[in-house]
>>> print(open('coords-v7.txt').read())   # compact mmCIF, C-alpha atoms
# COMPACT_ATOMS: atom_id res chain seq x y z
CA MET A 146 -73.50 77.47 17.89
CA SER A 147 -71.37 78.74 15.07
CA HIS A 148 -67.72 77.98 14.98
CA LEU A 149 -64.66 80.05 14.39
CA GLN A 150 -62.62 79.49 11.26
CA VAL A 151 -59.06 79.60 12.47
CA GLU A 152 -55.95 80.07 10.37
CA LEU A 153 -52.45 79.93 11.78
CA VAL A 154 -50.00 81.49 9.36
CA ALA A 155 -46.22 81.52 9.62
CA ALA A 156 -43.89 83.52 7.40
CA ASP A 157 -43.13 80.63 5.07
CA ARG A 158 -46.34 78.63 5.08
CA LYS A 159 -49.84 78.18 6.39
CA VAL A 160 -49.36 76.07 9.48
CA TRP A 161 -52.82 75.11 10.50
CA GLU A 162 -56.38 75.69 9.50
CA GLY A 163 -59.55 74.44 11.08
CA GLU A 164 -62.63 75.04 13.15
CA ALA A 165 -62.64 76.01 16.78
CA THR A 166 -65.07 77.00 19.47
CA MET A 167 -62.63 79.32 21.19
CA VAL A 168 -59.18 80.72 20.61
CA SER A 169 -57.05 82.32 23.25
CA ALA A 170 -53.76 84.12 22.85
CA ARG A 171 -51.62 86.55 24.72
CA SER A 172 -51.76 90.09 23.36
CA THR A 173 -49.65 93.04 24.40
CA GLU A 174 -52.49 94.07 26.69
CA GLY A 175 -52.98 90.70 28.31
CA GLU A 176 -54.71 87.40 27.78
CA LEU A 177 -57.24 87.51 24.98
CA GLY A 178 -60.05 85.05 24.38
CA ILE A 179 -62.05 84.94 21.15
CA LEU A 180 -65.48 83.35 20.98
CA PRO A 181 -67.74 83.14 17.94
CA GLY A 182 -69.46 86.46 17.29
CA HIS A 183 -66.52 88.52 18.44
CA THR A 184 -66.36 92.07 17.15
CA PRO A 185 -63.75 92.68 14.43
CA LEU A 186 -60.40 93.06 16.11
CA LEU A 187 -56.78 93.55 15.25
CA ALA A 188 -54.41 92.88 18.09
CA THR A 189 -50.67 92.52 18.37
CA LEU A 190 -49.51 89.39 20.10
CA VAL A 191 -46.45 88.77 22.20
CA SER A 192 -44.59 85.51 22.06
CA GLY A 193 -46.30 82.72 23.90
CA GLU A 194 -48.92 80.05 23.54
CA VAL A 195 -52.00 80.15 21.39
CA ARG A 196 -54.69 77.79 22.58
CA VAL A 197 -57.30 76.49 20.20
CA HIS A 198 -60.35 74.76 21.61
CA ALA A 199 -61.74 72.69 18.81
CA PRO A 200 -64.77 70.38 18.83
CA SER A 201 -62.42 67.48 18.24
CA GLY A 202 -60.02 68.39 21.01
CA ASP A 203 -57.90 71.20 22.32
CA GLY A 204 -54.46 72.10 21.02
CA THR A 205 -51.75 74.63 21.59
CA ALA A 206 -49.20 76.27 19.35
CA VAL A 207 -46.21 78.34 20.31
CA ILE A 208 -45.67 81.56 18.39
CA ASP A 209 -43.25 84.42 18.55
CA SER A 210 -44.61 87.94 18.28
CA GLY A 211 -47.25 88.42 15.64
CA PHE A 212 -50.78 89.63 15.34
CA LEU A 213 -54.31 88.36 15.38
CA SER A 214 -57.26 89.49 13.37
CA VAL A 215 -60.91 88.61 13.85
CA ASP A 216 -63.47 89.35 11.20
CA ASN A 217 -66.80 87.59 10.72
CA ASP A 218 -65.78 84.63 12.86
CA ARG A 219 -62.61 84.22 10.84
CA VAL A 220 -59.59 84.29 13.10
CA THR A 221 -56.19 84.74 11.50
CA ILE A 222 -53.12 84.45 13.65
CA VAL A 223 -49.95 85.57 11.91
CA ALA A 224 -46.47 85.16 13.33
CA ASP A 225 -42.96 84.90 11.97
CA THR A 226 -42.55 81.41 13.34
CA VAL A 227 -45.23 79.07 14.58
CA ASP A 228 -44.56 75.82 16.34
CA ALA A 229 -47.76 73.85 15.94
CA GLU A 230 -46.55 70.60 17.49
CA GLY A 231 -49.53 70.58 19.83
CA LEU A 232 -52.08 71.03 17.07
CA VAL A 233 -52.93 67.71 15.53
CA THR A 234 -56.67 68.05 15.29
CA PRO A 235 -58.31 66.70 12.13
CA GLY A 236 -58.55 69.29 9.39
CA GLY A 237 -55.07 70.49 10.18
CA ARG A 238 -51.92 69.15 8.66
CA MET B 49 -4.21 56.30 -35.44
CA GLY B 50 -3.26 59.59 -37.00
CA ALA B 51 -2.50 62.65 -34.95
CA GLN B 52 -5.39 64.62 -36.37
CA GLN B 53 -7.88 61.90 -35.70
CA ARG B 54 -6.68 61.57 -32.10
CA GLU B 55 -7.02 65.31 -31.63
CA TYR B 56 -10.66 65.29 -32.71
CA ARG B 57 -11.50 62.29 -30.54
CA GLN B 58 -9.91 63.98 -27.55
CA ARG B 59 -11.93 67.14 -28.00
CA SER B 60 -15.11 65.19 -28.49
CA ARG B 61 -14.48 63.34 -25.22
CA SER B 62 -13.89 66.58 -23.37
CA VAL B 63 -17.12 68.05 -24.71
CA GLN B 64 -18.90 64.86 -23.71
CA SER B 65 -17.86 65.24 -20.08
CA THR B 66 -18.82 68.93 -20.10
CA LYS B 67 -22.17 67.88 -21.44
CA LYS B 68 -22.64 65.50 -18.54
CA ILE B 69 -22.03 68.36 -16.13
CA THR B 70 -24.38 70.81 -17.82
CA ARG B 71 -27.01 68.12 -18.13
CA ALA B 72 -26.77 67.39 -14.41
CA MET B 73 -27.01 71.11 -13.60
CA GLU B 74 -30.04 71.41 -15.83
CA LEU B 75 -31.79 68.59 -14.03
CA ILE B 76 -30.88 69.95 -10.61
CA ALA B 77 -32.18 73.41 -11.52
CA ALA B 78 -35.35 71.88 -12.95
CA SER B 79 -36.14 70.02 -9.76
CA ARG B 80 -35.28 72.95 -7.52
CA VAL B 81 -37.31 75.47 -9.48
CA VAL B 82 -40.42 73.46 -8.63
CA LYS B 83 -39.53 73.72 -4.94
CA ALA B 84 -38.81 77.43 -5.27
CA ARG B 85 -42.15 78.10 -6.91
CA GLN B 86 -43.86 76.17 -4.18
CA ARG B 87 -42.14 78.32 -1.59
CA VAL B 88 -43.41 81.46 -3.31
CA GLN B 89 -46.89 79.97 -3.16
CA GLU B 90 -46.57 78.99 0.47
CA THR B 91 -45.68 82.47 1.62
CA SER B 92 -48.70 84.06 -0.01
CA PRO B 93 -51.09 83.42 2.94
CA TYR B 94 -48.69 85.35 5.18
CA ALA B 95 -48.31 88.20 2.70
CA ARG B 96 -52.06 88.29 2.14
CA SER B 97 -52.90 88.38 5.84
CA ILE B 98 -50.44 91.16 6.50
CA THR B 99 -51.55 93.19 3.51
CA ARG B 100 -55.17 92.82 4.54
CA ALA B 101 -54.41 93.86 8.10
CA VAL B 102 -52.35 96.85 6.99
CA SER B 103 -55.07 98.05 4.67
CA ALA B 104 -57.62 97.56 7.44
CA VAL B 105 -55.64 99.81 9.74
CA ALA B 106 -55.00 102.29 6.96
CA THR B 107 -58.68 102.60 6.08
CA HIS B 108 -60.04 102.66 9.61
CA SER B 109 -57.74 105.00 11.35
CA ASP B 110 -56.14 108.22 10.29
CA VAL B 111 -52.63 107.53 11.34
CA ASP B 112 -49.53 108.86 9.73
CA HIS B 113 -46.64 106.56 10.09
CA PRO B 114 -43.02 107.46 9.34
CA LEU B 115 -42.78 104.45 7.02
CA THR B 116 -45.64 105.67 4.84
CA THR B 117 -44.90 109.39 4.77
CA GLU B 118 -43.47 110.76 1.57
CA ARG B 119 -40.48 113.04 1.88
CA PRO B 120 -40.80 115.79 -0.72
CA ASP B 121 -37.15 116.79 -0.55
CA ALA B 122 -35.67 113.31 -0.87
CA ARG B 123 -31.92 113.58 -1.39
CA ARG B 124 -30.57 110.08 -0.95
CA ALA B 125 -32.21 107.06 -2.51
CA GLY B 126 -31.39 103.50 -1.54
CA MET B 127 -31.37 100.82 -4.19
CA LEU B 128 -31.57 97.16 -3.24
CA VAL B 129 -30.31 95.00 -6.11
CA ILE B 130 -31.15 91.31 -5.90
CA THR B 131 -28.92 89.08 -8.01
CA SER B 132 -27.62 85.54 -7.80
CA ASP B 133 -24.56 84.17 -6.03
CA ARG B 134 -23.43 82.08 -8.97
CA GLY B 135 -23.31 82.63 -12.68
CA LEU B 136 -24.19 79.87 -15.14
CA ALA B 137 -27.69 81.24 -15.36
CA GLY B 138 -27.58 83.00 -18.71
CA ALA B 139 -28.30 86.69 -18.59
CA TYR B 140 -30.10 86.50 -15.24
CA SER B 141 -27.78 88.69 -13.16
CA ALA B 142 -26.76 90.86 -16.08
CA THR B 143 -30.34 91.94 -16.78
CA VAL B 144 -30.91 92.88 -13.15
CA LEU B 145 -27.68 94.87 -13.05
CA LYS B 146 -28.51 96.59 -16.32
CA ARG B 147 -31.91 97.61 -14.99
CA SER B 148 -30.31 98.85 -11.77
CA GLU B 149 -27.93 101.02 -13.79
CA GLN B 150 -30.91 102.54 -15.58
CA LEU B 151 -32.58 103.22 -12.27
CA ARG B 152 -29.40 104.80 -10.95
CA THR B 153 -29.23 107.15 -13.94
CA MET B 154 -32.88 108.03 -13.51
CA LEU B 155 -32.51 108.77 -9.82
CA GLU B 156 -29.37 110.79 -10.38
CA GLU B 157 -31.12 112.87 -13.01
CA ASP B 158 -33.71 113.65 -10.36
CA GLY B 159 -30.89 114.98 -8.26
CA ARG B 160 -30.70 112.12 -5.78
CA GLU B 161 -27.65 110.43 -4.49
CA VAL B 162 -27.88 106.67 -5.00
CA VAL B 163 -26.97 104.36 -2.15
CA PRO B 164 -26.63 100.76 -3.34
CA TYR B 165 -27.53 97.80 -1.14
CA LEU B 166 -26.48 94.58 -2.80
CA CYS B 167 -27.78 91.09 -2.54
CA GLY B 168 -25.91 88.21 -4.14
CA ARG B 169 -22.23 87.75 -4.99
CA LYS B 170 -22.72 88.71 -8.63
CA ALA B 171 -23.77 92.23 -7.67
CA GLU B 172 -20.86 92.50 -5.25
CA GLY B 173 -18.48 91.42 -7.99
CA PHE B 174 -19.97 93.95 -10.37
CA TYR B 175 -19.40 96.80 -7.92
CA ARG B 176 -15.98 95.64 -6.74
CA PHE B 177 -14.70 95.25 -10.30
CA ARG B 178 -15.73 98.80 -11.08
CA ARG B 179 -14.33 100.01 -7.75
CA ARG B 180 -17.63 101.52 -6.80
CA ASP B 181 -18.77 101.97 -3.26
CA PHE B 182 -21.80 100.29 -1.90
CA GLU B 183 -23.50 100.64 1.44
CA THR B 184 -23.67 96.99 2.41
CA SER B 185 -24.26 93.59 0.91
CA TRP B 186 -25.74 90.19 1.73
CA SER B 187 -24.96 86.95 -0.03
CA GLY B 188 -24.94 83.20 0.26
CA PHE B 189 -28.64 82.45 0.00
CA SER B 190 -29.66 83.55 -3.48
CA ASP B 191 -31.18 80.25 -4.62
CA LYS B 192 -32.67 79.35 -1.27
CA PRO B 193 -33.48 82.53 0.68
CA THR B 194 -34.45 82.13 4.30
CA PHE B 195 -36.90 84.25 6.20
CA GLU B 196 -34.09 85.26 8.55
CA ALA B 197 -32.14 86.68 5.62
CA ALA B 198 -35.14 88.72 4.52
CA LYS B 199 -35.55 89.92 8.07
CA ALA B 200 -31.92 91.01 8.33
CA ILE B 201 -32.16 92.95 5.06
CA ALA B 202 -35.47 94.53 6.05
CA GLU B 203 -34.19 95.57 9.46
CA ARG B 204 -31.12 97.27 8.03
CA ILE B 205 -33.07 99.02 5.31
CA THR B 206 -35.86 100.18 7.60
CA GLU B 207 -33.31 101.49 10.06
CA ASP B 208 -31.55 103.51 7.35
CA PHE B 209 -34.85 104.78 6.05
CA ILE B 210 -35.97 105.98 9.46
CA ALA B 211 -32.62 107.70 9.99
CA GLY B 212 -33.25 109.73 6.82
CA ALA B 213 -30.70 111.52 4.67
CA ASP B 214 -29.73 113.84 7.48
CA GLY B 215 -28.98 110.94 9.80
CA GLY B 216 -26.72 109.25 7.26
CA GLY B 217 -29.52 107.05 5.95
CA VAL B 218 -31.77 107.30 2.93
CA ASP B 219 -35.08 108.93 2.04
CA GLU B 220 -36.51 106.19 -0.13
CA ILE B 221 -35.78 102.60 -1.04
CA HIS B 222 -36.13 100.98 -4.42
CA VAL B 223 -35.84 97.27 -5.01
CA VAL B 224 -34.67 95.74 -8.29
CA TYR B 225 -35.60 92.07 -8.47
CA THR B 226 -36.76 89.49 -10.96
CA ARG B 227 -40.40 88.53 -10.94
CA PHE B 228 -41.16 84.94 -11.80
CA VAL B 229 -43.95 84.92 -14.36
CA ASN B 230 -43.60 81.38 -15.63
CA MET B 231 -40.88 78.96 -16.66
CA VAL B 232 -39.99 80.90 -19.78
CA THR B 233 -40.68 84.47 -18.71
CA GLN B 234 -39.03 86.28 -15.85
CA GLU B 235 -39.32 90.03 -15.66
CA VAL B 236 -37.02 92.45 -13.96
CA GLN B 237 -39.10 94.66 -11.70
CA VAL B 238 -38.39 97.91 -9.97
CA LEU B 239 -40.42 98.47 -6.87
CA ARG B 240 -40.41 101.43 -4.55
CA LEU B 241 -40.48 99.76 -1.18
CA LEU B 242 -40.26 102.73 1.14
CA PRO B 243 -42.12 104.99 1.72
CA LEU B 244 -44.77 102.31 1.57
CA GLU B 245 -47.68 102.34 -0.75
CA VAL B 246 -50.23 99.79 0.29
CA VAL B 247 -52.02 99.19 -2.94
CA GLU B 248 -52.29 95.51 -3.64
CA GLY B 249 -54.81 93.48 -1.76
CA VAL B 250 -57.06 96.40 -0.96
CA GLU B 251 -60.28 94.81 -2.04
CA ALA B 252 -63.15 97.14 -2.70
CA PRO B 253 -65.95 96.13 -0.36
CA GLU B 254 -68.98 94.71 -2.07
CA GLU B 255 -72.22 96.69 -2.02
CA HIS B 256 -74.06 94.77 0.66
CA GLU B 257 -70.97 94.08 2.68
CA LEU B 258 -70.20 96.40 5.53
CA ILE B 259 -66.58 97.22 6.08
CA PRO B 260 -65.93 95.75 9.49
CA LEU B 261 -65.14 98.36 12.06
CA TYR B 262 -62.07 96.97 13.66
CA ASP B 263 -61.13 97.35 17.26
CA PHE B 264 -57.44 97.82 17.71
CA GLU B 265 -55.50 96.50 20.58
CA PRO B 266 -53.56 98.30 22.03
CA SER B 267 -54.28 101.16 19.57
CA GLY B 268 -54.34 101.86 15.85
CA THR B 269 -50.98 103.53 15.90
CA GLN B 270 -49.33 100.80 17.89
CA VAL B 271 -50.81 98.04 15.74
CA LEU B 272 -49.49 99.84 12.69
CA ASP B 273 -46.13 100.18 14.37
CA ALA B 274 -45.99 96.44 14.73
CA LEU B 275 -47.46 95.63 11.34
CA LEU B 276 -45.56 97.83 8.93
CA PRO B 277 -42.08 96.43 9.63
CA LYS B 278 -43.55 92.95 9.12
CA TYR B 279 -45.06 94.12 5.88
CA VAL B 280 -41.65 95.33 4.70
CA VAL B 281 -40.10 91.99 5.63
CA SER B 282 -42.77 90.07 3.78
CA ARG B 283 -42.29 92.21 0.65
CA ILE B 284 -38.55 91.63 0.71
CA TYR B 285 -38.98 87.93 1.40
CA ASN B 286 -41.33 87.69 -1.54
CA ALA B 287 -38.87 89.53 -3.79
CA LEU B 288 -36.08 87.18 -2.70
CA LEU B 289 -38.15 84.08 -3.33
CA GLN B 290 -39.32 85.28 -6.72
CA SER B 291 -35.74 86.06 -7.66
CA ALA B 292 -34.62 82.62 -6.50
CA ALA B 293 -37.25 80.93 -8.64
CA SER B 294 -36.27 83.13 -11.59
CA GLU B 295 -32.61 82.35 -11.08
CA LEU B 296 -33.23 78.62 -11.14
CA ALA B 297 -35.45 78.89 -14.19
CA ALA B 298 -32.80 80.95 -15.97
CA ARG B 299 -30.14 78.44 -14.98
CA GLN B 300 -32.21 75.57 -16.27
CA ARG B 301 -32.62 77.27 -19.60
CA ALA B 302 -28.96 78.25 -19.85
CA MET B 303 -27.86 74.72 -19.03
CA LYS B 304 -30.30 73.26 -21.49
CA SER B 305 -28.86 75.31 -24.32
CA ALA B 306 -25.34 74.45 -23.13
CA THR B 307 -26.24 70.77 -23.34
CA ASP B 308 -27.72 71.28 -26.79
CA ASN B 309 -24.59 73.08 -27.92
CA ALA B 310 -22.45 70.26 -26.56
CA ASP B 311 -24.49 67.79 -28.59
CA GLU B 312 -23.91 69.90 -31.64
CA LEU B 313 -20.15 70.07 -30.99
CA ILE B 314 -19.89 66.33 -30.42
CA LYS B 315 -21.62 65.77 -33.73
CA THR B 316 -19.20 68.10 -35.50
CA TYR B 317 -16.15 66.50 -33.93
CA THR B 318 -17.37 62.98 -34.72
CA ARG B 319 -17.80 63.99 -38.35
CA LEU B 320 -14.35 65.59 -38.47
CA ALA B 321 -12.78 62.53 -36.87
CA ASN B 322 -14.49 60.24 -39.35
CA GLN B 323 -13.34 62.44 -42.18
CA ALA B 324 -9.76 62.35 -40.87
CA ARG B 325 -9.90 58.56 -40.60
CA GLN B 326 -11.27 58.25 -44.13
CA ALA B 327 -8.56 60.58 -45.44
CA GLU B 328 -5.91 58.47 -43.73
CA ILE B 329 -7.23 55.26 -45.26
CA THR B 330 -7.43 56.84 -48.70
CA GLN B 331 -3.88 58.04 -48.35
CA GLU B 332 -2.66 54.61 -47.29
CA ILE B 333 -4.40 52.95 -50.22
CA SER B 334 -2.96 55.40 -52.69
CA GLU B 335 0.49 54.89 -51.14
CA ILE B 336 0.20 51.11 -51.52
CA VAL B 337 -1.14 51.37 -55.05
CA GLY B 338 1.60 53.87 -55.91
CA GLY B 339 4.27 51.68 -54.37
CA ALA B 340 3.00 48.56 -56.16
CA SER B 341 2.94 50.27 -59.55
CA ALA B 342 6.39 51.73 -58.91
CA LEU B 343 7.65 48.18 -58.20
CA ALA B 344 5.89 46.90 -61.32
CA ASP B 345 7.47 49.65 -63.43
CA ALA B 346 10.91 48.87 -62.03
CA LYS B 347 10.77 45.30 -63.25
>>> encode(input="coords-v7.txt", output="structure tokens")
Amino acid sequence: MSHLQVELVAADRKVWEGEATMVSARSTEGELGILPGHTPLLATLVSGEVRVHAPSGDGTAVIDSGFLSVDNDRVTIVADTVDAEGLVTPGGR
Amino acid sequence: MGAQQREYRQRSRSVQSTKKITRAMELIAASRVVKARQRVQETSPYARSITRAVSAVATHSDVDHPLTTERPDARRAGMLVITSDRGLAGAYSATVLKRSEQLRTMLEEDGREVVPYLCGRKAEGFYRFRRRDFETSWSGFSDKPTFEAAKAIAERITEDFIAGADGGGVDEIHVVYTRFVNMVTQEVQVLRLLPLEVVEGVEAPEEHELIPLYDFEPSGTQVLDALLPKYVVSRIYNALLQSAASELAARQRAMKSATDNADELIKTYTRLANQARQAEITQEISEIVGGASALADAK
């Protein structure tokens, strides 16, 4: 199965980048889960946790309001501040 | 030691200690400019993502947003001038202020009232000294701007823009900042921030590539509502960071030439002191010789 290319971007730097099998975040409409092959999407996110399920292990990051875009299995999560303490999977920093 | 000689030595010492200071400032600026450039680089993923998202919304949905709508009868124009907090950076702040004066003249010729927003103590000083009014000012972060600062500026400016001229705000916003090209070149740029023109980053789709048809959640309009203010913040943040890098580069250059000038002065004073010493010795010798021959003649 193909993987998602995930990028977590904060205002002052790229926080994390890596592969994942699933990403879930909380949008203004409710909980949102992204699997590979998702249709292109632009959603606004509210502050909360972003969960990344990676082949090497799951991780979470805390963001304040931002947005998420999905395009060709590339997931970009943009927020003003990202706390990626819980994301220590290989491939990330 | 003669008075003249002492005088020269004193001056030379004073220049030497000034040189130490300018040299230290040069080195500090040199190390911080690297950091500042890195920060500009690090923010580009954020700016790129936002720009891409904004252009995606703009191309896929026909939404008019107040932040992108031109106002044909613009009466009041805001002007955000980004300068430094400290001097000692050569002509850095002066060039920005000069360019802002040109912009002011241009806008006034178009029949618009100019509303200045200032950033950096140098701009504040410039306006205070001339007893000119300005709308508001921010300072204290010019060489190390924070995202929070950019956010505060953006919020105020967006608010005034949305209020419009009739609501005591402005109809358009121009930003005067310094773009960092490389260590030797920094250009003063004038950018019309609002109403927004999303131009950069709109990549023409390749032939075989289909433009993805985005789904918007909750809706195109609402996504745009959330995105555009962020876009404004990221533009301002970028302008602040570029200006900070430019300021440090300008300071490094100014301090380098100050150090060089100090070297030159020290050389001159050393020569003068040596000359004074030599003149003193010559005088003493001629006095002794004169005295001896006078004694010899008296015999």
>>> closest_atom_pairs(input="coords-v7.txt", of="chain B", to="chain A", cutoff="10 Å", atoms="all atoms listed in the file", output="JSON lines")
{"residue": "B:Gln86", "atom": "CA", "partner": "A:Arg158", "partner_atom": "CA", "distance": 9.9}
{"residue": "B:Arg87", "atom": "CA", "partner": "A:Asp157", "partner_atom": "CA", "distance": 7.1}
{"residue": "B:Val88", "atom": "CA", "partner": "A:Asp157", "partner_atom": "CA", "distance": 8.4}
{"residue": "B:Gln89", "atom": "CA", "partner": "A:Arg158", "partner_atom": "CA", "distance": 8.4}
{"residue": "B:Glu90", "atom": "CA", "partner": "A:Arg158", "partner_atom": "CA", "distance": 4.6}
{"residue": "B:Thr91", "atom": "CA", "partner": "A:Asp157", "partner_atom": "CA", "distance": 4.7}
{"residue": "B:Ser92", "atom": "CA", "partner": "A:Arg158", "partner_atom": "CA", "distance": 7.8}
{"residue": "B:Pro93", "atom": "CA", "partner": "A:Lys159", "partner_atom": "CA", "distance": 6.4}
{"residue": "B:Tyr94", "atom": "CA", "partner": "A:Ala156", "partner_atom": "CA", "distance": 5.6}
{"residue": "B:Ala95", "atom": "CA", "partner": "A:Ala156", "partner_atom": "CA", "distance": 8.0}
{"residue": "B:Ser97", "atom": "CA", "partner": "A:Val223", "partner_atom": "CA", "distance": 7.3}
{"residue": "B:Ile98", "atom": "CA", "partner": "A:Val223", "partner_atom": "CA", "distance": 7.8}
{"residue": "B:Arg100", "atom": "CA", "partner": "A:Ser214", "partner_atom": "CA", "distance": 9.7}
{"residue": "B:Ala101", "atom": "CA", "partner": "A:Ser214", "partner_atom": "CA", "distance": 7.4}
{"residue": "B:Val102", "atom": "CA", "partner": "A:Leu187", "partner_atom": "CA", "distance": 9.9}
{"residue": "B:Ala104", "atom": "CA", "partner": "A:Leu187", "partner_atom": "CA", "distance": 8.8}
{"residue": "B:Val105", "atom": "CA", "partner": "A:Leu187", "partner_atom": "CA", "distance": 8.4}
{"residue": "B:Thr194", "atom": "CA", "partner": "A:Asp157", "partner_atom": "CA", "distance": 8.8}
{"residue": "B:Phe195", "atom": "CA", "partner": "A:Ala156", "partner_atom": "CA", "distance": 7.1}
{"residue": "B:Glu196", "atom": "CA", "partner": "A:Asp225", "partner_atom": "CA", "distance": 9.5}
{"residue": "B:Lys199", "atom": "CA", "partner": "A:Asp225", "partner_atom": "CA", "distance": 9.8}
{"residue": "B:Ile259", "atom": "CA", "partner": "A:Asp216", "partner_atom": "CA", "distance": 9.9}
{"residue": "B:Pro260", "atom": "CA", "partner": "A:Pro185", "partner_atom": "CA", "distance": 6.2}
{"residue": "B:Leu261", "atom": "CA", "partner": "A:Pro185", "partner_atom": "CA", "distance": 6.3}
{"residue": "B:Tyr262", "atom": "CA", "partner": "A:Pro185", "partner_atom": "CA", "distance": 4.7}
{"residue": "B:Asp263", "atom": "CA", "partner": "A:Leu186", "partner_atom": "CA", "distance": 4.5}
{"residue": "B:Phe264", "atom": "CA", "partner": "A:Leu187", "partner_atom": "CA", "distance": 5.0}
{"residue": "B:Glu265", "atom": "CA", "partner": "A:Ala188", "partner_atom": "CA", "distance": 4.5}
{"residue": "B:Pro266", "atom": "CA", "partner": "A:Glu174", "partner_atom": "CA", "distance": 6.4}
{"residue": "B:Ser267", "atom": "CA", "partner": "A:Ala188", "partner_atom": "CA", "distance": 8.4}
{"residue": "B:Gly268", "atom": "CA", "partner": "A:Leu187", "partner_atom": "CA", "distance": 8.7}
{"residue": "B:Gln270", "atom": "CA", "partner": "A:Thr189", "partner_atom": "CA", "distance": 8.4}
{"residue": "B:Val271", "atom": "CA", "partner": "A:Thr189", "partner_atom": "CA", "distance": 6.1}
{"residue": "B:Leu272", "atom": "CA", "partner": "A:Thr189", "partner_atom": "CA", "distance": 9.3}
{"residue": "B:Asp273", "atom": "CA", "partner": "A:Thr189", "partner_atom": "CA", "distance": 9.8}
{"residue": "B:Ala274", "atom": "CA", "partner": "A:Thr189", "partner_atom": "CA", "distance": 7.1}
{"residue": "B:Leu275", "atom": "CA", "partner": "A:Phe212", "partner_atom": "CA", "distance": 7.9}
{"residue": "B:Lys278", "atom": "CA", "partner": "A:Asp225", "partner_atom": "CA", "distance": 8.6}
{"residue": "B:Val281", "atom": "CA", "partner": "A:Ala156", "partner_atom": "CA", "distance": 9.4}
{"residue": "B:Ser282", "atom": "CA", "partner": "A:Ala156", "partner_atom": "CA", "distance": 7.6}
{"residue": "B:Tyr285", "atom": "CA", "partner": "A:Ala156", "partner_atom": "CA", "distance": 8.9}
{"residue": "B:Asn286", "atom": "CA", "partner": "A:Asp157", "partner_atom": "CA", "distance": 9.8}
>>> residues_around(input="coords-v7.txt", residues="Gly193 (chain A)", least_positions_apart="2", cutoff="10 Å", atoms="only C-alpha atoms", output="ChimeraX atom specification")
/A:170-172,190-191,195-196,206-210
>>> residues_around(input="coords-v7.txt", residues="region 151-155 of chain B", least_positions_apart="5", cutoff="12 Å", atoms="all atoms listed in the file", output="PDB file with C-alpha atoms, keeping the file's coordinate frame")
ATOM      1  CA  ALA B 122     -35.670 113.310  -0.870  1.00  0.00           C
ATOM      2  CA  ARG B 123     -31.920 113.580  -1.390  1.00  0.00           C
ATOM      3  CA  ARG B 124     -30.570 110.080  -0.950  1.00  0.00           C
ATOM      4  CA  ALA B 125     -32.210 107.060  -2.510  1.00  0.00           C
ATOM      5  CA  GLY B 126     -31.390 103.500  -1.540  1.00  0.00           C
ATOM      6  CA  MET B 127     -31.370 100.820  -4.190  1.00  0.00           C
ATOM      7  CA  LEU B 128     -31.570  97.160  -3.240  1.00  0.00           C
ATOM      8  CA  VAL B 129     -30.310  95.000  -6.110  1.00  0.00           C
ATOM      9  CA  VAL B 144     -30.910  92.880 -13.150  1.00  0.00           C
ATOM     10  CA  LEU B 145     -27.680  94.870 -13.050  1.00  0.00           C
ATOM     11  CA  LYS B 146     -28.510  96.590 -16.320  1.00  0.00           C
ATOM     12  CA  ARG B 160     -30.700 112.120  -5.780  1.00  0.00           C
ATOM     13  CA  GLU B 161     -27.650 110.430  -4.490  1.00  0.00           C
ATOM     14  CA  VAL B 162     -27.880 106.670  -5.000  1.00  0.00           C
ATOM     15  CA  VAL B 163     -26.970 104.360  -2.150  1.00  0.00           C
ATOM     16  CA  PRO B 164     -26.630 100.760  -3.340  1.00  0.00           C
ATOM     17  CA  GLU B 220     -36.510 106.190  -0.130  1.00  0.00           C
ATOM     18  CA  ILE B 221     -35.780 102.600  -1.040  1.00  0.00           C
ATOM     19  CA  HIS B 222     -36.130 100.980  -4.420  1.00  0.00           C
ATOM     20  CA  VAL B 223     -35.840  97.270  -5.010  1.00  0.00           C
ATOM     21  CA  VAL B 224     -34.670  95.740  -8.290  1.00  0.00           C
ATOM     22  CA  VAL B 236     -37.020  92.450 -13.960  1.00  0.00           C
ATOM     23  CA  GLN B 237     -39.100  94.660 -11.700  1.00  0.00           C
ATOM     24  CA  VAL B 238     -38.390  97.910  -9.970  1.00  0.00           C
ATOM     25  CA  LEU B 239     -40.420  98.470  -6.870  1.00  0.00           C
ATOM     26  CA  ARG B 240     -40.410 101.430  -4.550  1.00  0.00           C
TER      27      ARG B 240
END
>>> atom_distance(input="coords-v7.txt", atom1="CA of Arg147 (chain B)", atom2="CA of Thr70 (chain B)")
28.0 Å
>>> atom_distance(input="coords-v7.txt", atom1="CA of Glu183 (chain B)", atom2="CA of Leu289 (chain B)")
22.6 Å
>>> atom_distance(input="coords-v7.txt", atom1="CA of Arg204 (chain B)", atom2="CA of Glu194 (chain A)")
29.2 Å
>>> closest_residue(input="coords-v7.txt", among="B:Val229, B:Arg176, B:Thr143, B:Gly168", to="Ala297 (chain B)", atoms="only C-alpha atoms")
B:Val229
>>> residues_around(input="coords-v7.txt", residues="region 133-136 of chain B", least_positions_apart="5", cutoff="10 Å", atoms="all atoms listed in the file", output="list in words")
Thr70, Met73, Ser141, Ala142, Cys167, Gly168, Arg169, Lys170, Ala171, Glu172, Gly173, Trp186, Ser187, Gly188, Phe189, Ser190, Asp191, Glu295, Leu296, Ala298, Arg299, Gln300, Arg301, Ala302, Met303 and Ala306 of chain B
>>> residues_around(input="coords-v7.txt", residues="Ala199 (chain A)", least_positions_apart="4", cutoff="8 Å", atoms="all atoms listed in the file", output="PyMOL selection string")
chain A and resi 164-167+203-204+234
>>> decode(input="coords-v7.txt", residues="region 80-85 of chain B", atoms="C-alpha atoms", output="compact mmCIF listing (two decimals), in the first residue's frame")
# COMPACT_ATOMS: atom_id res chain seq x y z
CA ARG B 80 24.09 36.97 13.39
CA VAL B 81 23.51 37.62 9.71
CA VAL B 82 24.09 33.92 9.07
CA LYS B 83 21.39 33.10 11.64
CA ALA B 84 19.05 35.68 10.15
CA ARG B 85 19.45 34.28 6.65
